[in-house]
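**Q** Before anything else, here's the structure in question.
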Amino acid sequence: MPKLKIEGVGEFEVLKGTRLVTALEDNKGEPLHRCGGHARCTTCRVEFLKGEPEHMTDAEKSKLESQNNLGAFRLSCQCSVEHDMHVKVLMPFSQSGLSDPGPRPEDHITP
Ligand code: FES
């Protein structure tokens with residue numbers, strides 16, 4: 001199983017193919033996912049310190065391009081854990097001041 005290292009949190013084994021936002025959520029990574037994982041809010045943003053996926057969904061590319069953020073960060077709701085990764089959650093729920101992180105994203109990548 002791939003290893004997911006979450007900066008400042010720890011290292012976890014994750015079932016290959018798990019949606020990254022879900023893997024973060026289930027391992028105390030505290031990602032926000034205000035749009036429910038539909039590549040709209042960008043609150044699930046992460047920085048890859050290692051193992052950034054080469055593949056990018058059309059939805060992620062289009063959202064990042066529209067905000068001039070291509071290359072600045074990735075959307076964890078649009079990535080899956082296919083190999084070892086080391087990520088930093090850029091907008092953790094506990095630092096957000098929000099009452100909830102957002103609706104739980106589906107297990108598969110949407111939209
Ligand atoms: S863009 Fe909203 S949860 Fe990923």
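Residue names in the structure tokens use chain letters A, B, ... in the order shown, residue numbers from 1 in each chain, and ligand numbers from 1 in the order shown.
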Return as CSV the residues of chain A lying at most 9 Å from ligand 1, together with the closest atom-to-atom pair for each and the distance in Å to one decimal, counting only C-alpha atoms and all ligand atoms, with rows in chain order and ascending residue number.
**A**
residue,atom,partner,partner_atom_place_in_ligand_line,distance
A:Val21,CA,ligand 1,4 (Fe),7.6
A:Pro31,CA,ligand 1,3 (S),8.5
A:Leu32,CA,ligand 1,3 (S),6.7
A:His33,CA,ligand 1,3 (S),3.5
A:Arg34,CA,ligand 1,2 (Fe),5.3
A:Cys35,CA,ligand 1,2 (Fe),4.1
A:Gly36,CA,ligand 1,3 (S),5.0
A:Gly37,CA,ligand 1,3 (S),3.5
A:His38,CA,ligand 1,2 (Fe),5.4
A:Ala39,CA,ligand 1,1 (S),3.5
A:Arg40,CA,ligand 1,1 (S),4.5
A:Cys41,CA,ligand 1,2 (Fe),3.9
A:Thr42,CA,ligand 1,1 (S),3.8
A:Thr43,CA,ligand 1,2 (Fe),5.6
A:Cys44,CA,ligand 1,4 (Fe),4.5
A:Arg45,CA,ligand 1,4 (Fe),6.9
A:Glu60,CA,ligand 1,1 (S),7.8
A:Lys63,CA,ligand 1,1 (S),8.3
A:Leu75,CA,ligand 1,4 (Fe),5.4
A:Ser76,CA,ligand 1,4 (Fe),6.0
A:Cys77,CA,ligand 1,4 (Fe),4.3
A:Gln78,CA,ligand 1,4 (Fe),6.7
A:Gly102,CA,ligand 1,3 (S),7.9
A:Pro103,CA,ligand 1,3 (S),8.6
A:Arg104,CA,ligand 1,3 (S),8.8
A:Pro105,CA,ligand 1,3 (S),7.2
**Q** Only C-alpha atoms, please: the residues just picked out, written as a PDB file, in the first residue's frame.
**A**
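Dumped to selection27.pdb:
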ATOM      1  CA  VAL A  21      -8.926  14.441   0.170  1.00  0.00           C
ATOM      2  CA  PRO A  31      -8.506  19.269   4.819  1.00  0.00           C
ATOM      3  CA  LEU A  32     -11.323  21.673   4.075  1.00  0.00           C
ATOM      4  CA  HIS A  33     -13.618  20.526   1.252  1.00  0.00           C
ATOM      5  CA  ARG A  34     -16.241  23.227   1.171  1.00  0.00           C
ATOM      6  CA  CYS A  35     -17.665  22.308  -2.242  1.00  0.00           C
ATOM      7  CA  GLY A  36     -17.819  18.598  -1.435  1.00  0.00           C
ATOM      8  CA  GLY A  37     -14.981  17.669  -3.737  1.00  0.00           C
ATOM      9  CA  HIS A  38     -16.198  19.130  -7.037  1.00  0.00           C
ATOM     10  CA  ALA A  39     -13.158  21.259  -7.985  1.00  0.00           C
ATOM     11  CA  ARG A  40     -15.015  24.492  -7.259  1.00  0.00           C
ATOM     12  CA  CYS A  41     -13.881  25.918  -3.890  1.00  0.00           C
ATOM     13  CA  THR A  42     -10.098  25.170  -3.901  1.00  0.00           C
ATOM     14  CA  THR A  43     -10.154  24.885  -0.074  1.00  0.00           C
ATOM     15  CA  CYS A  44      -8.824  21.301  -0.310  1.00  0.00           C
ATOM     16  CA  ARG A  45      -5.548  22.693  -1.656  1.00  0.00           C
ATOM     17  CA  GLU A  60      -8.665  20.815 -11.649  1.00  0.00           C
ATOM     18  CA  LYS A  63     -10.139  25.767 -11.985  1.00  0.00           C
ATOM     19  CA  LEU A  75      -6.556  20.171  -5.315  1.00  0.00           C
ATOM     20  CA  SER A  76      -6.621  17.093  -3.096  1.00  0.00           C
ATOM     21  CA  CYS A  77     -10.175  16.291  -4.224  1.00  0.00           C
ATOM     22  CA  GLN A  78      -8.867  15.794  -7.758  1.00  0.00           C
ATOM     23  CA  GLY A 102     -17.712  20.946   4.231  1.00  0.00           C
ATOM     24  CA  PRO A 103     -19.744  18.008   2.955  1.00  0.00           C
ATOM     25  CA  ARG A 104     -17.815  14.746   2.784  1.00  0.00           C
ATOM     26  CA  PRO A 105     -16.651  14.157  -0.786  1.00  0.00           C
TER      27      PRO A 105
END
**Q** Can you list, as JSON, numbers by chain, all residues belonging to chain A that DSSP tags as helix (DSSP H, G or I)?
**A** {"A": [20, 21, 22, 23, 24, 25, 58, 59, 60, 61, 62, 63, 64, 65, 66, 76, 77, 78, 93, 94, 95]}
**Q** So what do you get for atom CA of A:Met91 versus atom CA of A:Phe12, distance-wise?
**A**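 Result for atom CA of A:Met91 versus atom CA of A:Phe12: 19.9 Å, one decimal.
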**Q** Would you work out the distance separating atom CA of A:Gly10 from atom CA of A:Ser99, expressed in Å to one decimal?
**A**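 Atom-to-atom, atom CA of A:Gly10 to atom CA of A:Ser99, that is 24.4 Å.
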**Q** Of the candidates A:Glu7, A:Asp107, A:Glu47, A:Asp26, which one gets nearest to A:Ser80 if we count only C-alpha atoms?
**A**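 Smallest separation from A:Ser80 among the options: A:Asp107.
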**Q** Taking the chain letters and numbering used in this document, name the residues of chain A that DSSP puts in strand (DSSP E or B), as a list in words.
**A** Lys3, Leu4, Lys5, Ile6, Gly10, Glu11, Phe12, Glu13, Thr18, Arg19, Pro31, Arg45, Val46, Glu47, Phe48, Leu49, Lys50, Arg74, Leu75, Ser80, Val81, Met85, His86, Val87, Lys88, Val89 and Pro92 of chain A
**Q** Just want the 10 Å neighbourhood of A:Lys28, counted on only C-alpha atoms, with same-chain residues fewer than 4 positions away dropped. Output as a list in words.
**A** Ile6, Val9, Gly10, Ala23, Leu24 and Pro92 of chain A
**Q** Distance atom CA of A:Met1-atom CA of A:Lys16, one decimal place?
**A**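 One can read the atom CA of A:Met1 to atom CA of A:Lys16 distance as 5.8 Å.
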